[in-house]
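Q: Contents of data.cif (mmCIF, C-alpha atoms) are given next:
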```cif
data_coords
loop_
_atom_site.group_PDB
_atom_site.id
_atom_site.type_symbol
_atom_site.label_atom_id
_atom_site.label_comp_id
_atom_site.auth_asym_id
_atom_site.auth_seq_id
_atom_site.Cartn_x
_atom_site.Cartn_y
_atom_site.Cartn_z
ATOM 1 C CA MET A 19 26.273 -40.845 15.667
ATOM 2 C CA ALA A 20 28.817 -39.579 13.133
ATOM 3 C CA SER A 21 32.295 -38.121 13.353
ATOM 4 C CA SER A 22 32.873 -34.588 12.117
ATOM 5 C CA CYS A 23 35.613 -32.002 12.129
ATOM 6 C CA ASP A 24 34.870 -28.614 13.688
ATOM 7 C CA ASP A 25 37.543 -25.856 13.805
ATOM 8 C CA GLY A 26 40.291 -28.478 13.509
ATOM 9 C CA ARG A 27 38.907 -30.623 16.347
ATOM 10 C CA TRP A 28 37.397 -34.044 15.772
ATOM 11 C CA MET A 29 34.194 -34.670 17.649
ATOM 12 C CA VAL A 30 31.151 -36.903 17.470
ATOM 13 C CA ALA A 31 28.111 -35.109 16.007
ATOM 14 C CA VAL A 32 24.651 -36.080 17.237
ATOM 15 C CA LYS A 33 21.226 -34.834 16.183
ATOM 16 C CA LEU A 34 18.427 -35.131 18.726
ATOM 17 C CA ARG A 35 14.814 -34.319 17.879
ATOM 18 C CA CYS A 36 12.230 -33.326 20.489
ATOM 19 C CA SER A 37 8.901 -34.369 19.021
ATOM 20 C CA SER A 38 6.810 -32.425 21.542
ATOM 21 C CA TRP A 39 7.096 -29.384 23.792
ATOM 22 C CA GLU A 40 6.529 -31.639 26.812
ATOM 23 C CA GLN A 41 9.584 -33.688 25.839
ATOM 24 C CA LEU A 42 11.656 -30.527 25.357
ATOM 25 C CA ALA A 43 10.552 -29.209 28.758
ATOM 26 C CA TYR A 44 11.609 -32.492 30.406
ATOM 27 C CA VAL A 45 15.024 -32.488 28.709
ATOM 28 C CA TYR A 46 15.582 -28.841 29.571
ATOM 29 C CA GLN A 47 14.616 -29.169 33.254
ATOM 30 C CA ASN A 48 16.281 -32.519 33.942
ATOM 31 C CA ASP A 49 19.375 -32.323 31.750
ATOM 32 C CA ILE A 50 20.311 -29.034 30.133
ATOM 33 C CA LYS A 51 19.767 -26.835 33.202
ATOM 34 C CA ARG A 52 22.001 -29.198 35.194
ATOM 35 C CA GLY A 53 24.743 -28.825 32.609
ATOM 36 C CA SER A 54 24.572 -32.448 31.552
ATOM 37 C CA MET A 55 22.667 -34.757 29.240
ATOM 38 C CA PHE A 56 22.147 -38.497 28.993
ATOM 39 C CA LEU A 57 22.476 -39.991 25.517
ATOM 40 C CA ARG A 58 21.325 -43.524 24.828
ATOM 41 C CA ALA A 59 23.888 -45.496 22.778
ATOM 42 C CA GLN A 60 24.404 -49.191 22.123
ATOM 43 C CA ASN A 61 28.115 -48.589 21.451
ATOM 44 C CA PRO A 62 29.006 -45.663 23.725
ATOM 45 C CA PRO A 63 32.057 -43.540 22.862
ATOM 46 C CA ALA A 64 34.930 -43.486 25.337
ATOM 47 C CA VAL A 65 35.100 -41.171 28.353
ATOM 48 C CA GLY A 66 36.575 -37.811 27.307
ATOM 49 C CA THR A 67 35.162 -37.927 23.768
ATOM 50 C CA GLU A 68 34.016 -34.495 22.641
ATOM 51 C CA MET A 69 30.553 -34.297 21.115
ATOM 52 C CA ARG A 70 28.426 -31.736 19.315
ATOM 53 C CA LEU A 71 24.670 -31.896 19.886
ATOM 54 C CA ASP A 72 22.095 -30.354 17.589
ATOM 55 C CA LEU A 73 18.843 -30.343 19.541
ATOM 56 C CA ILE A 74 15.946 -29.934 17.080
ATOM 57 C CA LEU A 75 12.965 -28.203 18.679
ATOM 58 C CA PRO A 76 9.363 -29.092 17.718
ATOM 59 C CA SER A 77 9.303 -25.844 15.695
ATOM 60 C CA GLY A 78 12.302 -26.951 13.632
ATOM 61 C CA SER A 79 14.696 -24.492 15.289
ATOM 62 C CA VAL A 80 18.081 -25.959 16.246
ATOM 63 C CA ALA A 81 19.818 -25.459 19.596
ATOM 64 C CA ALA A 82 23.514 -26.360 19.352
ATOM 65 C CA PHE A 83 25.607 -27.553 22.317
ATOM 66 C CA GLU A 84 29.036 -29.026 22.845
ATOM 67 C CA GLY A 85 29.893 -31.571 25.518
ATOM 68 C CA ARG A 86 32.326 -34.200 26.672
ATOM 69 C CA VAL A 87 31.588 -37.783 27.745
ATOM 70 C CA ALA A 88 31.870 -37.799 31.555
ATOM 71 C CA SER A 89 30.869 -41.411 32.178
ATOM 72 C CA VAL A 90 29.564 -44.506 30.435
ATOM 73 C CA VAL A 91 26.334 -46.031 31.779
ATOM 74 C CA PRO A 92 26.171 -49.804 31.098
ATOM 75 C CA ALA A 93 22.990 -51.628 30.134
ATOM 76 C CA GLY A 94 20.866 -52.467 33.158
ATOM 77 C CA GLN A 95 22.058 -49.461 35.184
ATOM 78 C CA GLY A 96 19.838 -46.420 35.350
ATOM 79 C CA ARG A 97 18.931 -45.247 31.856
ATOM 80 C CA GLY A 98 21.748 -47.242 30.202
ATOM 81 C CA PRO A 99 23.198 -48.210 27.927
ATOM 82 C CA GLY A 100 24.535 -44.809 27.029
ATOM 83 C CA VAL A 101 26.725 -41.959 28.189
ATOM 84 C CA GLU A 102 26.409 -39.084 30.628
ATOM 85 C CA LEU A 103 27.569 -35.984 28.806
ATOM 86 C CA ALA A 104 28.969 -32.906 30.582
ATOM 87 C CA LEU A 105 27.926 -29.834 28.578
ATOM 88 C CA ILE A 106 30.949 -27.590 28.144
ATOM 89 C CA LYS A 107 29.489 -24.905 25.877
ATOM 90 C CA LEU A 108 26.079 -23.476 26.759
ATOM 91 C CA SER A 109 25.375 -20.276 24.819
ATOM 92 C CA PRO A 110 23.124 -17.829 26.745
ATOM 93 C CA GLY A 111 21.417 -17.063 23.444
ATOM 94 C CA VAL A 112 20.548 -20.719 22.894
ATOM 95 C CA LEU A 113 19.234 -21.088 26.444
ATOM 96 C CA TRP A 114 17.143 -17.940 25.997
ATOM 97 C CA MET A 115 15.697 -19.334 22.755
ATOM 98 C CA ILE A 116 14.613 -22.563 24.468
ATOM 99 C CA GLU A 117 13.199 -20.798 27.533
ATOM 100 C CA SER A 118 11.329 -18.274 25.401
ATOM 101 C CA ALA A 119 9.828 -21.020 23.246
ATOM 102 C CA LEU A 120 8.712 -22.997 26.303
ATOM 103 C CA ARG A 121 7.197 -19.933 28.014
ATOM 104 C CA THR A 122 5.354 -18.878 24.873
ATOM 105 C CA THR A 123 4.030 -22.346 24.145
ATOM 106 C CA ALA A 124 2.975 -22.923 27.748
ATOM 107 C CA LYS A 125 0.958 -19.703 27.781
ATOM 108 C CA ALA A 126 -0.656 -20.541 24.449
ATOM 109 C CA GLU A 127 -1.637 -23.996 25.649
ATOM 110 C CA GLU A 128 -3.250 -22.532 28.772
ATOM 111 C CA ASP A 129 -5.532 -20.351 26.675
ATOM 112 C CA ILE A 130 -6.501 -22.389 23.615
ATOM 113 C CA VAL A 131 -8.048 -25.649 22.491
ATOM 114 C CA ILE A 132 -8.322 -27.031 18.989
ATOM 115 C CA ASP A 133 -11.257 -25.664 17.001
ATOM 116 C CA THR A 134 -12.177 -27.189 13.635
ATOM 117 C CA GLU A 135 -15.289 -25.081 13.089
ATOM 118 C CA SER A 136 -13.617 -21.890 11.801
ATOM 119 C CA PRO A 137 -12.522 -22.696 8.219
ATOM 120 C CA GLY A 138 -11.896 -19.018 7.410
ATOM 121 C CA ALA A 139 -9.716 -18.331 10.422
ATOM 122 C CA GLU A 140 -6.515 -19.552 8.794
ATOM 123 C CA GLU A 141 -7.056 -17.264 5.800
ATOM 124 C CA ASP A 142 -7.619 -14.344 8.169
ATOM 125 C CA LEU A 143 -4.441 -15.189 10.052
ATOM 126 C CA LEU A 144 -2.448 -15.396 6.823
ATOM 127 C CA ALA A 145 -3.822 -12.014 5.742
ATOM 128 C CA ALA A 146 -2.854 -10.462 9.068
ATOM 129 C CA LEU A 147 0.654 -11.896 8.971
ATOM 130 C CA GLU A 148 1.172 -10.861 5.355
ATOM 131 C CA ALA A 149 -0.015 -7.323 6.106
ATOM 132 C CA GLU A 150 2.386 -7.092 9.018
ATOM 133 C CA ARG A 151 5.273 -8.409 6.928
ATOM 134 C CA ARG A 152 4.608 -5.862 4.173
ATOM 135 C CA GLY A 153 4.232 -3.123 6.730
ATOM 136 C CA LEU A 154 7.603 -3.877 8.305
ATOM 137 C CA GLU A 155 9.258 -3.460 4.909
ATOM 138 C CA ARG A 156 8.200 0.196 4.909
ATOM 139 C CA LEU A 157 9.502 1.032 8.368
ATOM 140 C CA ASP A 158 12.923 1.946 9.638
ATOM 141 C CA PRO A 159 14.477 -0.043 12.530
ATOM 142 C CA TYR A 160 13.307 2.402 15.197
ATOM 143 C CA GLN A 161 9.732 2.239 13.956
ATOM 144 C CA ILE A 162 9.801 -1.552 13.816
ATOM 145 C CA LEU A 163 10.939 -1.757 17.435
ATOM 146 C CA GLY A 164 8.630 1.063 18.509
ATOM 147 C CA VAL A 165 11.335 3.219 20.110
ATOM 148 C CA ARG A 166 12.479 6.816 19.649
ATOM 149 C CA ASP A 167 15.445 7.752 17.506
ATOM 150 C CA SER A 168 17.165 8.881 20.707
ATOM 151 C CA ALA A 169 16.723 5.505 22.444
ATOM 152 C CA GLY A 170 19.800 4.064 24.154
ATOM 153 C CA ASP A 171 21.118 0.506 24.338
ATOM 154 C CA ASP A 172 18.902 -0.567 27.239
ATOM 155 C CA GLU A 173 15.680 0.794 25.748
ATOM 156 C CA VAL A 174 16.400 -0.773 22.358
ATOM 157 C CA ARG A 175 17.305 -4.116 23.942
ATOM 158 C CA ASP A 176 14.166 -4.165 26.115
ATOM 159 C CA ALA A 177 11.955 -3.294 23.143
ATOM 160 C CA PHE A 178 13.519 -6.088 21.082
ATOM 161 C CA ALA A 179 13.089 -8.631 23.891
ATOM 162 C CA GLU A 180 9.423 -7.736 24.349
ATOM 163 C CA LEU A 181 8.685 -7.743 20.620
ATOM 164 C CA SER A 182 10.557 -11.024 20.134
ATOM 165 C CA LYS A 183 8.269 -12.759 22.605
ATOM 166 C CA ARG A 184 5.238 -11.629 20.623
ATOM 167 C CA VAL A 185 6.472 -12.508 17.139
ATOM 168 C CA HIS A 186 8.716 -15.518 17.826
ATOM 169 C CA PRO A 187 8.155 -18.274 15.208
ATOM 170 C CA ASP A 188 7.746 -20.886 17.935
ATOM 171 C CA ARG A 189 4.329 -19.357 18.699
ATOM 172 C CA TYR A 190 3.221 -20.751 15.336
ATOM 173 C CA ALA A 191 4.961 -24.123 15.459
ATOM 174 C CA GLN A 192 1.704 -25.937 16.195
ATOM 175 C CA TYR A 193 0.012 -24.785 12.982
ATOM 176 C CA GLU A 194 -0.062 -27.155 10.021
ATOM 177 C CA SER A 195 0.070 -24.334 7.453
ATOM 178 C CA GLU A 196 3.570 -23.943 6.031
ATOM 179 C CA GLN A 197 2.612 -20.411 4.917
ATOM 180 C CA VAL A 198 1.805 -19.375 8.468
ATOM 181 C CA ARG A 199 5.137 -20.646 9.772
ATOM 182 C CA THR A 200 7.055 -19.057 6.882
ATOM 183 C CA LEU A 201 5.460 -15.646 7.338
ATOM 184 C CA ALA A 202 6.036 -15.793 11.092
ATOM 185 C CA SER A 203 9.717 -16.541 10.481
ATOM 186 C CA GLU A 204 10.032 -13.649 8.019
ATOM 187 C CA ILE A 205 8.473 -11.236 10.511
ATOM 188 C CA PHE A 206 10.828 -12.396 13.243
ATOM 189 C CA MET A 207 13.848 -12.039 10.955
ATOM 190 C CA ALA A 208 12.774 -8.483 10.097
ATOM 191 C CA VAL A 209 12.548 -7.635 13.794
ATOM 192 C CA ARG A 210 15.915 -9.236 14.488
ATOM 193 C CA GLU A 211 17.516 -7.346 11.576
ATOM 194 C CA ALA A 212 16.045 -4.076 12.848
ATOM 195 C CA TYR A 213 17.598 -4.733 16.247
ATOM 196 C CA ARG A 214 20.974 -5.458 14.664
ATOM 197 C CA LYS A 215 20.922 -2.075 12.957
ATOM 198 C CA VAL A 216 20.295 -0.075 16.150
ATOM 199 C CA ALA A 217 21.568 -2.345 18.944
ATOM 200 C CA THR A 218 24.680 -0.273 19.690
ATOM 201 C CA ALA A 219 25.675 3.383 19.568
ATOM 202 C CA GLU A 220 28.028 2.579 16.696
ATOM 203 C CA ALA A 221 25.247 0.922 14.683
ATOM 204 C CA ARG A 222 22.890 3.824 15.351
ATOM 205 C CA GLY A 223 25.578 6.213 14.159
ATOM 206 C CA ARG A 224 25.912 4.338 10.880
ATOM 207 C CA LEU A 225 22.148 4.446 10.385
ATOM 208 C CA ALA A 226 22.075 8.171 11.082
ATOM 209 C CA GLY A 227 24.801 8.712 8.488
ATOM 210 C CA ALA A 228 22.822 6.764 5.907
ATOM 211 C CA ARG A 229 19.761 8.878 6.605
ATOM 212 C CA VAL A 230 21.670 12.091 5.983
ATOM 213 C CA LYS A 231 22.607 10.830 2.515
ATOM 214 C CA ARG A 232 18.976 10.411 1.506
ATOM 215 C CA ALA A 233 17.553 12.988 -0.852
ATOM 216 C CA ALA A 234 15.885 15.777 1.066
ATOM 217 C CA THR A 235 12.300 16.794 0.412
ATOM 218 C CA PRO A 236 12.221 19.572 -2.218
ATOM 219 C CA ALA A 237 11.775 23.076 -0.924
ATOM 220 C CA VAL A 238 8.158 24.047 -0.377
ATOM 221 C CA SER A 239 6.874 27.307 -1.808
ATOM 222 C CA ILE A 240 5.144 29.885 0.401
ATOM 223 C CA ASP A 241 1.753 28.921 -1.071
ATOM 224 C CA GLU A 242 2.414 25.253 -0.438
ATOM 225 C CA SER A 243 3.506 25.988 3.120
ATOM 226 C CA ALA A 244 0.269 27.800 3.871
ATOM 227 C CA ALA A 245 -1.765 25.023 2.310
ATOM 228 C CA LEU A 246 0.126 22.375 4.291
ATOM 229 C CA ASP A 247 -0.453 24.279 7.525
ATOM 230 C CA GLU A 248 -4.190 24.379 6.790
ATOM 231 C CA ALA A 249 -4.278 20.677 5.908
ATOM 232 C CA ARG A 250 -2.409 19.761 9.113
ATOM 233 C CA ARG A 251 -4.867 21.854 11.143
ATOM 234 C CA LEU A 252 -7.762 19.947 9.584
ATOM 235 C CA VAL A 253 -6.076 16.606 10.258
ATOM 236 C CA ASP A 254 -5.523 17.567 13.902
ATOM 237 C CA ALA A 255 -9.265 18.284 14.055
ATOM 238 C CA ASP A 256 -9.963 14.872 12.455
ATOM 239 C CA ASN A 257 -11.542 16.602 9.478
ATOM 240 C CA PHE A 258 -10.057 14.257 6.901
ATOM 241 C CA GLU A 259 -12.687 14.938 4.234
ATOM 242 C CA ARG A 260 -11.535 18.551 3.904
ATOM 243 C CA ALA A 261 -7.819 17.819 4.362
ATOM 244 C CA VAL A 262 -7.521 15.293 1.524
ATOM 245 C CA PRO A 263 -8.485 17.698 -1.307
ATOM 246 C CA ILE A 264 -5.856 20.180 -0.094
ATOM 247 C CA TYR A 265 -3.169 17.512 -0.114
ATOM 248 C CA ASP A 266 -4.340 16.435 -3.581
ATOM 249 C CA VAL A 267 -3.911 19.972 -4.938
ATOM 250 C CA ILE A 268 -0.390 20.219 -3.503
ATOM 251 C CA VAL A 269 0.654 16.829 -4.906
ATOM 252 C CA ARG A 270 -0.695 17.673 -8.368
ATOM 253 C CA LYS A 271 1.278 20.911 -8.289
ATOM 254 C CA ASN A 272 4.418 19.283 -6.885
ATOM 255 C CA PRO A 273 4.451 15.449 -7.210
ATOM 256 C CA HIS A 274 7.742 15.340 -5.277
ATOM 257 C CA ASN A 275 6.247 16.856 -2.125
ATOM 258 C CA ARG A 276 6.571 13.923 0.259
ATOM 259 C CA VAL A 277 5.013 15.862 3.134
ATOM 260 C CA ALA A 278 1.757 16.293 1.240
ATOM 261 C CA SER A 279 1.816 12.696 -0.014
ATOM 262 C CA ALA A 280 2.333 11.484 3.542
ATOM 263 C CA GLY A 281 -0.531 13.647 4.784
ATOM 264 C CA ARG A 282 -2.859 12.147 2.226
ATOM 265 C CA GLU A 283 -1.824 8.587 3.141
ATOM 266 C CA LEU A 284 -2.397 9.374 6.806
ATOM 267 C CA CYS A 285 -5.881 10.726 6.116
ATOM 268 C CA GLU A 286 -6.815 7.663 4.089
ATOM 269 C CA GLY A 287 -5.455 5.371 6.782
ATOM 270 C CA LEU A 288 -7.374 7.100 9.550
ATOM 271 C CA ARG A 289 -10.569 6.965 7.507
ATOM 272 C CA LEU A 290 -10.111 3.209 7.043
ATOM 273 C CA LEU A 291 -9.146 2.509 10.647
ATOM 274 C CA PRO A 292 -12.627 1.886 12.174
ATOM 275 C CA GLY A 293 -13.618 -0.730 9.589
ATOM 276 C CA ASP A 294 -10.381 -2.204 8.264
ATOM 277 C CA PRO A 295 -7.352 -1.965 10.585
ATOM 278 C CA LEU A 296 -5.159 -4.024 8.244
ATOM 279 C CA ALA A 297 -5.688 -1.686 5.294
ATOM 280 C CA ALA A 298 -5.365 1.316 7.608
ATOM 281 C CA ALA A 299 -2.025 0.040 8.874
ATOM 282 C CA GLU A 300 -0.630 -0.092 5.338
ATOM 283 C CA ARG A 301 -1.640 3.507 4.592
ATOM 284 C CA ILE A 302 -0.320 4.882 7.886
ATOM 285 C CA GLU A 303 2.941 2.956 7.497
ATOM 286 C CA ALA A 304 3.267 4.482 4.022
ATOM 287 C CA ALA A 305 2.766 7.931 5.553
ATOM 288 C CA VAL A 306 5.563 7.361 8.048
ATOM 289 C CA GLU A 307 7.851 6.099 5.311
ATOM 290 C CA LEU A 308 7.176 9.188 3.183
ATOM 291 C CA ASP A 309 7.578 11.671 6.024
ATOM 292 C CA PRO A 310 9.242 10.310 9.206
ATOM 293 C CA THR A 311 8.824 13.761 10.829
ATOM 294 C CA ASN A 312 5.002 13.505 10.759
ATOM 295 C CA GLU A 313 4.319 13.192 14.499
ATOM 296 C CA ARG A 314 0.622 12.379 14.094
ATOM 297 C CA ALA A 315 1.460 9.537 11.714
ATOM 298 C CA ALA A 316 4.115 8.200 14.103
ATOM 299 C CA ARG A 317 1.648 8.193 17.018
ATOM 300 C CA GLU A 318 -1.086 6.574 14.964
ATOM 301 C CA LEU A 319 1.380 3.966 13.698
ATOM 302 C CA VAL A 320 2.083 2.740 17.218
ATOM 303 C CA ALA A 321 -1.664 2.529 17.935
ATOM 304 C CA VAL A 322 -2.577 0.794 14.682
ATOM 305 C CA ARG A 323 0.197 -1.774 15.021
ATOM 306 C CA ARG A 324 -1.136 -2.588 18.478
ATOM 307 C CA ALA A 325 -4.646 -2.927 17.033
ATOM 308 C CA VAL A 326 -3.399 -5.180 14.228
ATOM 309 C CA SER A 327 -1.531 -7.312 16.752
ATOM 310 C CA GLU A 328 -4.700 -7.728 18.819
ATOM 311 C CA LEU A 329 -6.623 -8.580 15.665
ATOM 312 C CA ARG A 330 -4.037 -11.190 14.770
ATOM 313 C CA GLN A 331 -4.408 -12.731 18.228
ATOM 314 C CA LYS A 332 -8.156 -12.952 17.623
ATOM 315 C CA PHE A 333 -7.466 -14.786 14.383
ATOM 316 C CA LEU A 334 -5.240 -17.169 16.314
ATOM 317 C CA ALA A 335 -8.012 -17.678 18.838
ATOM 318 C CA LYS A 336 -10.532 -18.369 16.090
ATOM 319 C CA LEU A 337 -8.175 -20.816 14.464
ATOM 320 C CA LEU A 338 -7.479 -22.763 17.642
ATOM 321 C CA GLY A 339 -10.507 -21.814 19.736
ATOM 322 C CA ARG A 340 -9.828 -19.517 22.710
ATOM 323 C CA GLU A 341 -11.622 -20.201 25.967
ATOM 324 C CA ASP A 342 -12.875 -16.970 27.551
#
```
As structure tokens, how would this structure be written, given the file I've shared?

A:
Amino acid sequence: MASSCDDGRWMVAVKLRCSSWEQLAYVYQNDIKRGSMFLRAQNPPAVGTEMRLDLILPSGSVAAFEGRVASVVPAGQGRGPGVELALIKLSPGVLWMIESALRTTAKAEEDIVIDTESPGAEEDLLAALEAERRGLERLDPYQILGVRDSAGDDEVRDAFAELSKRVHPDRYAQYESEQVRTLASEIFMAVREAYRKVATAEARGRLAGARVKRAATPAVSIDESAALDEARRLVDADNFERAVPIYDVIVRKNPHNRVASAGRELCEGLRLLPGDPLAAAERIEAAVELDPTNERAARELVAVRRAVSELRQKFLAKLLGRED
């Protein structure tokens, strides 16, 4: 234990490390949820002493609490020697983080066993995570969360909560690869940042204002308009082979035509989709970035991200061995 000063108040700072998810589950159920915690100490601090606890999860995440010594437990009594701490500051966000990590880990442990016979699975997982990270860089906050531009607070919050469960770094805490854990953390931070930018009406207003300031797509000539209409018709009919040359002609004539560039990226992505979902995702994400008004690209983006997510789960299963 060590003394520290926090906001002008002196308190005893303690770091506790949970070495396993089972240990964390026990501490959470038997101590934290009751609003108290037992701390073993050979020289217990006096009753009334304020303490700060940094609970280190098996994933490395830190849950911070504040408490006050309610009673001293002598050696030979109960779990003594130590102190019974009354928790006086329990952040809902911290509790949610612990509960989410425990739920996610429990579900993973129900479904998987260690598999050492898939040496290429980790590389596949890294490729999937890296592709998703790069893809998120191309998307705006609404696209990352998978909600409409007109979504309200509740819809945005629900989308963030659901996505957070799927991409939370604690899902990857059991993997030895530092790269896997780092990429998972970067993906989660991107999702969290996207939520911050659209969480409230005020934030969404600021984002809308920033969008207006972006350079508009140059005006399209009558000939280009007709060609684009024909290319879109071919794309709607899934005739990508004929649509691509039309987009190519438009882009050569007007390299700044983002609509045509987006159409070409979409066609290439859809052609890749059956055999290489990861590469397809990058092309379709590029299409959405170039032309956010492309409805076909937006629809396909939702579908391809779901496919990539399922593929990533298969890589996880290969890496750890999923029981069917």

Q: Rank A:Ala316, A:Val253, A:Val65, A:Leu73 by their smallest atom-to-atom distance to Arg289 (chain A), using all atoms listed in the file, and report the top residue only.

A: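 Nearest candidate to Arg289 (chain A) out of A:Ala316, A:Val253, A:Val65, A:Leu73: A:Val253.
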
Q: Kindly give the distance, in Å, that separates CA of Ala219 (chain A) and CA of Asp171 (chain A), rounded to a single decimal.

A: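 CA of Asp171 (chain A) lies 7.2 Å from CA of Ala219 (chain A).
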
Q: Identify all residues satisfying the PyMOL selection byres ((chain A and resi 60) around 8) in the given file; provide them as a PyMOL selection string.

A: chain A and resi 58-59+61-62+99-100

Q: Looking at only C-alpha atoms, which of A:Asp188, A:Glu68, A:Glu148, A:Glu248 is the one that sits closest to Arg260 (chain A)?

A: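 For Arg260 (chain A), the nearest of the candidates is A:Glu248.
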
Q: Could you check which of A:Glu211, A:Asp49, A:Asp266, A:Asp158 is closest to Glu307 (chain A), using all atoms listed in the file?

A: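 Answer, going by the shortest atom-to-atom distance: A:Asp158.
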
Q: Set the distance at 9 Å and use all atoms listed in the file: which residues neighbour Leu201 (chain A) once local chain neighbours fewer than 6 positions away are removed? I'd like the list as an mmCIF file with C-alpha atoms, in the coordinates of the input.

A:
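Written out: result.cif:
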```
data_model
loop_
_atom_site.group_PDB
_atom_site.id
_atom_site.type_symbol
_atom_site.label_atom_id
_atom_site.label_comp_id
_atom_site.auth_asym_id
_atom_site.auth_seq_id
_atom_site.Cartn_x
_atom_site.Cartn_y
_atom_site.Cartn_z
ATOM 1 C CA LEU A 144 -2.448 -15.396 6.823
ATOM 2 C CA LEU A 147 0.654 -11.896 8.971
ATOM 3 C CA GLU A 148 1.172 -10.861 5.355
ATOM 4 C CA ARG A 151 5.273 -8.409 6.928
ATOM 5 C CA PRO A 187 8.155 -18.274 15.208
#
```

Q: Starting from the PyMOL selection byres ((chain A and resi 105) around 12), expand the selection into actual residues of this file and give them as a VMD selection string.

A: chain A and resid 49 to 57 66 to 71 82 to 88 102 to 104 106 to 109

Q: Exactly which residues make up the result of the PyMOL selection byres ((chain A and resi 163) around 8) on this file, given as number ranges by chain?

A: A: 159-162, 164-165, 174, 177-178, 181, 209, 212-213

Q: Please report, as lines of an AutoDock Vina configuration file, the centre and edge lengths in Å to one decimal of an axis-aligned box covering all listed atoms of region 26-40 of chain A with 6 Å per side.

A:
```
center_x = 23.4
center_y = -32.7
center_z = 20.2
size_x = 45.8
size_y = 20.4
size_z = 25.3
```

Q: Provide the CA of Val277 (chain A) to CA of Asp294 (chain A) distance in Å, to one decimal place.

A: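 These atoms are spaced 24.3 Å apart.
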
Q: Using all atoms listed in the file, list the residues that have an atom at most 12 Å from (2.4, 14.2, 10.1), coordinates as in the file, as a compact mmCIF listing (two decimals) with C-alpha atoms, in the coordinates of the input.

A:
```txt
# COMPACT_ATOMS: atom_id res chain seq x y z
CA LEU A 246 0.13 22.38 4.29
CA ASP A 247 -0.45 24.28 7.52
CA ALA A 249 -4.28 20.68 5.91
CA ARG A 250 -2.41 19.76 9.11
CA ARG A 251 -4.87 21.85 11.14
CA LEU A 252 -7.76 19.95 9.58
CA VAL A 253 -6.08 16.61 10.26
CA ASP A 254 -5.52 17.57 13.90
CA ARG A 276 6.57 13.92 0.26
CA VAL A 277 5.01 15.86 3.13
CA ALA A 278 1.76 16.29 1.24
CA SER A 279 1.82 12.70 -0.01
CA ALA A 280 2.33 11.48 3.54
CA GLY A 281 -0.53 13.65 4.78
CA ARG A 282 -2.86 12.15 2.23
CA GLU A 283 -1.82 8.59 3.14
CA LEU A 284 -2.40 9.37 6.81
CA CYS A 285 -5.88 10.73 6.12
CA ILE A 302 -0.32 4.88 7.89
CA GLU A 303 2.94 2.96 7.50
CA ALA A 304 3.27 4.48 4.02
CA ALA A 305 2.77 7.93 5.55
CA VAL A 306 5.56 7.36 8.05
CA GLU A 307 7.85 6.10 5.31
CA LEU A 308 7.18 9.19 3.18
CA ASP A 309 7.58 11.67 6.02
CA PRO A 310 9.24 10.31 9.21
CA THR A 311 8.82 13.76 10.83
CA ASN A 312 5.00 13.50 10.76
CA GLU A 313 4.32 13.19 14.50
CA ARG A 314 0.62 12.38 14.09
CA ALA A 315 1.46 9.54 11.71
CA ALA A 316 4.12 8.20 14.10
CA ARG A 317 1.65 8.19 17.02
CA GLU A 318 -1.09 6.57 14.96
CA LEU A 319 1.38 3.97 13.70
```

Q: Using all atoms listed in the file for the distances, tell me which of A:Val101, A:Leu75, A:Val262, A:Val216 is nearest to Ala43 (chain A).

A: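 Going through A:Val101, A:Leu75, A:Val262, A:Val216 one by one, the smallest distance to Ala43 (chain A) is for A:Leu75.
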
Q: Quick check, in Å to one decimal: how far apart do CA of Pro63 (chain A) and CA of Val45 (chain A) lie?

A: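 Answer for the CA of Pro63 (chain A) to CA of Val45 (chain A) separation: 21.1 Å.
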
Q: Pick from A:Ser89, A:Ser38, A:Asp167, A:Arg199: nearest to Leu120 (chain A), with all atoms listed in the file counted?

A: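 For Leu120 (chain A), the nearest of the candidates is A:Ser38.
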
Q: Supply region 316-321 of chain A as a PDB file, in the frame of the given file, with N, CA, C and O atoms built in where the input has gaps.

A:
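Output below, filename out.pdb:
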```
ATOM      1  N   ALA A 316       3.314   9.064  13.230  1.00  0.00           N
ATOM      2  CA  ALA A 316       4.115   8.200  14.103  1.00  0.00           C
ATOM      3  C   ALA A 316       3.291   7.704  15.280  1.00  0.00           C
ATOM      4  O   ALA A 316       3.357   6.522  15.657  1.00  0.00           O
ATOM      5  N   ARG A 317       2.496   8.596  15.887  1.00  0.00           N
ATOM      6  CA  ARG A 317       1.648   8.193  17.018  1.00  0.00           C
ATOM      7  C   ARG A 317       0.600   7.175  16.583  1.00  0.00           C
ATOM      8  O   ARG A 317       0.357   6.175  17.257  1.00  0.00           O
ATOM      9  N   GLU A 318      -0.036   7.474  15.444  1.00  0.00           N
ATOM     10  CA  GLU A 318      -1.086   6.574  14.964  1.00  0.00           C
ATOM     11  C   GLU A 318      -0.509   5.219  14.574  1.00  0.00           C
ATOM     12  O   GLU A 318      -1.174   4.194  14.695  1.00  0.00           O
ATOM     13  N   LEU A 319       0.751   5.220  14.100  1.00  0.00           N
ATOM     14  CA  LEU A 319       1.380   3.966  13.698  1.00  0.00           C
ATOM     15  C   LEU A 319       1.521   3.028  14.880  1.00  0.00           C
ATOM     16  O   LEU A 319       1.238   1.830  14.787  1.00  0.00           O
ATOM     17  N   VAL A 320       1.953   3.564  16.017  1.00  0.00           N
ATOM     18  CA  VAL A 320       2.083   2.740  17.218  1.00  0.00           C
ATOM     19  C   VAL A 320       0.733   2.152  17.604  1.00  0.00           C
ATOM     20  O   VAL A 320       0.609   0.960  17.913  1.00  0.00           O
ATOM     21  N   ALA A 321      -0.325   2.986  17.544  1.00  0.00           N
ATOM     22  CA  ALA A 321      -1.664   2.529  17.935  1.00  0.00           C
ATOM     23  C   ALA A 321      -2.210   1.490  16.963  1.00  0.00           C
ATOM     24  O   ALA A 321      -2.785   0.472  17.369  1.00  0.00           O
TER      25      ALA A 321
END
```
